[in-house]
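Source file: data-v8.cif; contents: mmCIF, C-alpha atoms.
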```cif
data_input
loop_
_atom_site.label_atom_id
_atom_site.label_comp_id
_atom_site.auth_asym_id
_atom_site.auth_seq_id
_atom_site.Cartn_x
_atom_site.Cartn_y
_atom_site.Cartn_z
CA MET A 1 36.19 109.72 114.44
CA THR A 2 38.39 112.72 115.16
CA LEU A 3 41.74 113.40 113.57
CA THR A 4 44.47 114.48 115.89
CA GLN A 5 47.45 116.55 114.98
CA THR A 6 50.80 115.02 115.74
CA GLN A 7 54.06 116.82 116.18
CA PHE A 8 57.52 115.62 115.34
CA ARG A 9 59.56 115.33 118.51
CA PRO A 10 63.30 114.87 117.93
CA GLU A 11 63.81 113.22 121.34
CA ARG A 12 61.23 110.56 120.47
CA ALA A 13 62.84 109.93 117.10
CA HIS A 14 66.15 109.56 118.89
CA ARG A 15 64.74 106.83 121.15
CA VAL A 16 63.01 104.99 118.32
CA HIS A 17 65.92 104.99 115.90
CA GLY A 18 68.68 105.14 118.49
CA THR A 19 72.32 105.88 118.22
CA VAL A 20 75.33 103.68 118.59
CA ALA A 21 75.73 105.06 122.13
CA ASP A 22 72.34 103.53 123.02
CA ALA A 23 73.34 100.05 121.86
CA MET A 24 77.07 99.74 122.39
CA GLU A 25 78.66 97.32 124.80
CA ALA A 26 81.58 98.20 127.04
CA ALA A 27 84.86 98.28 125.15
CA GLY A 28 86.07 95.26 127.08
CA PRO A 29 89.73 94.33 127.20
CA GLN A 30 92.03 96.80 125.52
CA VAL A 31 95.40 95.53 124.36
CA TRP A 32 98.43 97.09 122.74
CA GLU A 33 99.60 96.63 119.17
CA ASP A 34 102.85 94.97 120.27
CA MET A 35 101.01 92.07 121.93
CA THR A 36 101.59 88.72 120.23
CA VAL A 37 98.78 86.76 118.66
CA GLU A 38 99.14 83.94 121.21
CA VAL A 39 98.93 86.32 124.17
CA ALA A 40 95.93 88.08 122.60
CA LEU A 41 94.16 84.72 122.23
CA SER A 42 94.89 83.97 125.89
CA VAL A 43 93.52 87.35 126.98
CA MET A 44 90.40 86.72 124.91
CA ALA A 45 89.88 83.30 126.46
CA ALA A 46 90.37 84.63 130.00
CA ALA A 47 87.99 87.54 129.37
CA ARG A 48 85.47 85.26 127.63
CA THR A 49 85.08 87.66 124.76
CA GLY A 50 85.22 87.32 121.00
CA HIS A 51 87.06 90.56 120.33
CA LEU A 52 89.74 92.88 121.69
CA VAL A 53 90.13 96.62 121.20
CA VAL A 54 93.67 97.31 119.95
CA CYS A 55 95.43 100.49 121.11
CA ASP A 56 98.64 102.26 120.17
CA ASP A 57 101.36 103.35 122.61
CA ASP A 58 99.34 106.46 123.48
CA GLY A 59 96.31 104.37 124.44
CA LEU A 60 94.28 105.46 121.40
CA CYS A 61 92.15 102.91 119.62
CA THR A 62 93.62 101.65 116.35
CA GLY A 63 91.18 98.86 115.66
CA LEU A 64 89.47 95.70 116.75
CA VAL A 65 90.59 92.11 116.37
CA THR A 66 88.37 89.05 116.59
CA ARG A 67 89.09 85.53 117.77
CA ALA A 68 88.36 84.22 114.27
CA ARG A 69 90.92 86.59 112.74
CA LEU A 70 93.59 85.68 115.29
CA ARG A 71 93.03 81.97 114.70
CA ALA A 72 93.27 82.48 110.95
CA VAL A 73 96.58 84.34 111.37
CA ARG A 74 97.92 81.68 113.74
CA ASP A 75 96.99 78.91 111.30
CA GLY A 76 98.54 80.78 108.33
CA SER A 77 101.84 79.88 106.71
CA GLY A 78 103.53 83.18 107.64
CA TYR A 79 102.81 82.89 111.36
CA THR A 80 105.59 82.88 113.96
CA ASP A 81 105.35 83.13 117.73
CA ARG A 82 106.59 86.71 117.36
CA THR A 83 103.71 87.86 115.17
CA CYS A 84 102.24 90.95 116.83
CA LEU A 85 98.85 92.54 116.41
CA ARG A 86 100.45 95.47 114.56
CA ASP A 87 101.72 92.94 111.97
CA ILE A 88 98.16 92.03 111.03
CA ALA A 89 97.37 94.45 108.22
CA ASP A 90 93.60 94.44 108.70
CA VAL A 91 93.63 95.01 112.46
CA VAL A 92 93.21 98.71 111.73
CA ALA A 93 89.48 98.87 111.50
CA PRO A 94 86.95 101.48 110.60
CA PHE A 95 85.48 103.20 113.64
CA THR A 96 82.14 104.68 114.44
CA SER A 97 81.04 107.63 116.52
CA PRO A 98 78.64 107.29 119.43
CA LEU A 99 76.38 109.74 117.58
CA THR A 100 76.03 107.52 114.50
CA THR A 101 72.58 105.99 114.18
CA ARG A 102 72.30 102.27 114.80
CA ALA A 103 70.92 101.81 111.29
CA GLU A 104 73.94 103.55 109.73
CA ALA A 105 76.37 101.47 111.79
CA GLU A 106 74.55 98.26 110.90
CA ARG A 107 74.64 99.10 107.18
CA ALA A 108 78.38 99.87 107.39
CA MET A 109 79.12 96.60 109.20
CA ARG A 110 77.08 94.53 106.75
CA ARG A 111 78.62 96.28 103.75
CA ARG A 112 82.15 95.62 105.06
CA ARG A 113 81.25 92.18 106.45
CA LEU A 114 82.26 93.12 109.98
CA GLY A 115 80.72 91.62 113.08
CA ALA A 116 81.69 94.54 115.31
CA LEU A 117 83.05 98.08 115.24
CA PRO A 118 84.90 100.04 117.90
CA VAL A 119 83.09 103.18 119.07
CA VAL A 120 85.52 106.04 119.64
CA ASP A 121 85.29 109.63 120.79
CA GLY A 122 86.72 112.58 118.86
CA GLN A 123 90.19 112.00 120.29
CA GLY A 124 90.33 108.29 119.39
CA ASN A 125 89.61 106.86 122.84
CA ALA A 126 87.62 103.61 122.83
CA LEU A 127 84.19 104.11 124.38
CA GLY A 128 82.70 100.76 123.51
CA VAL A 129 81.93 98.28 120.77
CA ILE A 130 78.84 97.94 118.61
CA ALA A 131 78.15 94.42 117.31
CA LEU A 132 75.66 92.93 114.93
CA SER A 133 73.13 90.71 116.62
CA ARG A 134 73.08 87.16 115.36
#
```

Exercise: express the given structure as structure tokens:
Amino acid sequence: MTLTQTQFRPERAHRVHGTVADAMEAAGPQVWEDMTVEVALSVMAAARTGHLVVCDDDGLCTGLVTRARLRAVRDGSGYTDRTCLRDIADVVAPFTSPLTTRAEAERAMRRRRLGALPVVDGQGNALGVIALSR
């Protein structure tokens, strides 16, 4: 039996551990903060997605909203047909960078009990979404 010497190769480690950029999905539908909850639910249904990326007037990502959250707001006592996404306090979500490792993003999502996180570039533009697998 012969021992062989192995070398650490950063590019191999990158493939094995991966970054968020390796695993993210397309951002999907992007909507504005002034959209009503009902319209957002309709957009979600038409797009057959469980989440929407929420943007401000400049088109920069401000968060992510899920179907479950929108339904909870709609079923709440304070809901009106004028309730906008910006009125939902927790729509502003944490973000992640495409350079974050998948393991770090997964830990952050589990710690905060989030099913998905928007992936943004340095300027705040939505690049995609990283979601926990079921």

- Item | Selection near range 125-128 of chain A, 8 Å with all atoms listed in the file, sequence-local residues under 2 positions removed, as a PyMOL selection string | chain A and resi 24-28+53+59-61+118-123+130

- Task: Pick out the closest residue to Cys55 in chain A from this set: A:Val43, A:Ile88, A:Met109, A:Val31. Count only C-alpha atoms.
- Result: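 For Cys55 in chain A, the nearest of the candidates is A:Val31.
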
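If you measure from each of A:Gly115, A:Gly63, A:Gly78, A:Pro94 to Trp32 in chain A using only C-alpha atoms, the closest one turns out to be A:Gly63.
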
- Find the spatial neighbours of Glu38 in chain A, counting all atoms listed in the file, within a cut-off of 9 Å - ignore same-chain residues fewer than 5 positions away - and output them as an MDAnalysis selection string. chainID A and resid 43 70 74 81:84

- Task: Could you check how far CA of Thr62 in chain A sits from CA of Arg107 in chain A, in Å to one decimal?
- Result: 21.2 Å

- Query: Given the choices A:Ala131, A:Leu117, A:Val65, A:Ser77, which gets closest to Leu41 in chain A if the distance is worked out from all atoms listed in the file?
  - Reply: A:Val65

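Straight-line separation from CA of Leu52 in chain A to CA of Val37 in chain A: 11.3 Å.
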
Expected axis-aligned box over every listed atom of range 113-129 of chain A, 4 Å added per side, centre plus edges in Å to one decimal, as lines of an AutoDock Vina configuration file:
```
center_x = 85.5
center_y = 102.1
center_z = 115.4
size_x = 17.6
size_y = 29.0
size_z = 25.9
```

- Picked residues, the PyMOL selection byres ((chain A and resi 108) around 12), expected as a VMD selection string: chain A and resid 93 to 96 100 to 107 109 to 117 130 to 132

- Item | Which residue of A:Thr19, A:Thr80, A:Ser97, A:Thr49 approaches Ala68 in chain A most closely, using only C-alpha atoms | A:Thr49

- Task: Enter the distance from CA of Val39 in chain A to CA of Asp58 in chain A, in Å, rounded to one decimal.
- Result: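 According to the coordinates, CA of Val39 in chain A and CA of Asp58 in chain A are separated by 20.2 Å.
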
- Name the residues that the PyMOL selection byres ((chain A and resi 34) around 8) pulls out of this structure, and write them as JSON, numbers by chain. {"A": [32, 33, 35, 36, 84, 85, 86]}

Can we get range 58-98 of chain A of that structure written down with N, CA and C atoms, as a compact mmCIF listing (two decimals), in the first residue's frame?
```
# COMPACT_ATOMS: atom_id res chain seq x y z
N ASP A 58 -37.42 52.04 -6.92
CA ASP A 58 -36.21 52.05 -7.74
C ASP A 58 -35.89 50.67 -8.31
N GLY A 59 -36.73 49.69 -8.03
CA GLY A 59 -36.51 48.35 -8.53
C GLY A 59 -35.54 47.53 -7.70
N LEU A 60 -35.18 48.02 -6.51
CA LEU A 60 -34.26 47.29 -5.64
C LEU A 60 -35.04 46.37 -4.71
N CYS A 61 -34.51 45.22 -4.48
CA CYS A 61 -35.16 44.22 -3.65
C CYS A 61 -35.28 44.70 -2.21
N THR A 62 -36.49 44.61 -1.65
CA THR A 62 -36.69 44.96 -0.25
C THR A 62 -37.07 43.75 0.58
N GLY A 63 -37.38 42.64 -0.07
CA GLY A 63 -37.74 41.46 0.68
C GLY A 63 -38.40 40.40 -0.16
N LEU A 64 -39.00 39.47 0.52
CA LEU A 64 -39.65 38.33 -0.11
C LEU A 64 -40.93 38.07 0.66
N VAL A 65 -41.99 37.77 -0.03
CA VAL A 65 -43.24 37.45 0.64
C VAL A 65 -43.73 36.10 0.13
N THR A 66 -44.27 35.31 1.05
CA THR A 66 -44.73 33.97 0.70
C THR A 66 -46.26 33.92 0.64
N ARG A 67 -46.75 32.92 -0.03
CA ARG A 67 -48.20 32.72 -0.11
C ARG A 67 -48.79 32.55 1.29
N ALA A 68 -48.13 31.78 2.13
CA ALA A 68 -48.62 31.56 3.49
C ALA A 68 -48.73 32.88 4.26
N ARG A 69 -47.74 33.74 4.11
CA ARG A 69 -47.78 35.03 4.81
C ARG A 69 -48.91 35.91 4.29
N LEU A 70 -49.09 35.94 2.98
CA LEU A 70 -50.17 36.75 2.41
C LEU A 70 -51.54 36.25 2.84
N ARG A 71 -51.71 34.94 2.90
CA ARG A 71 -52.98 34.39 3.35
C ARG A 71 -53.24 34.72 4.81
N ALA A 72 -52.18 34.66 5.62
CA ALA A 72 -52.33 35.00 7.04
C ALA A 72 -52.73 36.47 7.21
N VAL A 73 -52.14 37.35 6.43
CA VAL A 73 -52.49 38.78 6.49
C VAL A 73 -53.94 38.95 6.05
N ARG A 74 -54.31 38.32 4.94
CA ARG A 74 -55.67 38.46 4.42
C ARG A 74 -56.71 37.96 5.41
N ASP A 75 -56.37 36.90 6.15
CA ASP A 75 -57.32 36.34 7.11
C ASP A 75 -57.29 37.06 8.46
N GLY A 76 -56.37 38.01 8.64
CA GLY A 76 -56.24 38.74 9.90
C GLY A 76 -57.32 39.80 10.08
N SER A 77 -57.50 40.20 11.32
CA SER A 77 -58.56 41.17 11.64
C SER A 77 -58.29 42.57 11.10
N GLY A 78 -57.04 42.93 10.89
CA GLY A 78 -56.71 44.27 10.42
C GLY A 78 -56.68 44.41 8.90
N TYR A 79 -57.04 43.36 8.19
CA TYR A 79 -56.94 43.36 6.74
C TYR A 79 -58.04 44.20 6.09
N THR A 80 -57.66 44.98 5.08
CA THR A 80 -58.62 45.64 4.19
C THR A 80 -58.17 45.36 2.76
N ASP A 81 -59.02 45.65 1.80
CA ASP A 81 -58.63 45.42 0.41
C ASP A 81 -57.60 46.43 -0.08
N ARG A 82 -57.24 47.35 0.77
CA ARG A 82 -56.19 48.34 0.43
C ARG A 82 -54.85 48.01 1.08
N THR A 83 -54.76 46.92 1.79
CA THR A 83 -53.52 46.54 2.45
C THR A 83 -52.47 46.23 1.38
N CYS A 84 -51.37 46.97 1.44
CA CYS A 84 -50.28 46.81 0.48
C CYS A 84 -49.15 46.00 1.08
N LEU A 85 -48.29 45.51 0.21
CA LEU A 85 -47.15 44.75 0.69
C LEU A 85 -46.27 45.57 1.62
N ARG A 86 -46.13 46.87 1.37
CA ARG A 86 -45.30 47.70 2.26
C ARG A 86 -45.90 47.80 3.65
N ASP A 87 -47.21 47.52 3.81
CA ASP A 87 -47.87 47.58 5.10
C ASP A 87 -47.60 46.35 5.96
N ILE A 88 -47.03 45.33 5.35
CA ILE A 88 -46.73 44.10 6.08
C ILE A 88 -45.33 44.26 6.66
N ALA A 89 -45.25 44.43 7.96
CA ALA A 89 -43.99 44.78 8.62
C ALA A 89 -42.86 43.80 8.34
N ASP A 90 -43.18 42.51 8.24
CA ASP A 90 -42.10 41.53 8.09
C ASP A 90 -41.81 41.16 6.65
N VAL A 91 -42.33 41.94 5.69
CA VAL A 91 -41.98 41.70 4.29
C VAL A 91 -40.51 42.00 4.05
N VAL A 92 -39.96 42.96 4.79
CA VAL A 92 -38.55 43.27 4.64
C VAL A 92 -37.77 42.12 5.25
N ALA A 93 -37.12 41.40 4.38
CA ALA A 93 -36.46 40.17 4.79
C ALA A 93 -34.96 40.33 4.83
N PRO A 94 -34.30 39.43 5.53
CA PRO A 94 -32.85 39.38 5.39
C PRO A 94 -32.53 38.92 3.97
N PHE A 95 -31.36 39.25 3.51
CA PHE A 95 -30.91 38.89 2.18
C PHE A 95 -29.67 38.04 2.31
N THR A 96 -29.27 37.46 1.21
CA THR A 96 -28.00 36.76 1.18
C THR A 96 -27.27 37.12 -0.10
N SER A 97 -25.98 36.97 -0.05
CA SER A 97 -25.11 37.25 -1.19
C SER A 97 -24.93 35.98 -2.01
N PRO A 98 -24.70 36.10 -3.31
CA PRO A 98 -24.44 34.90 -4.10
C PRO A 98 -23.14 34.21 -3.69
```
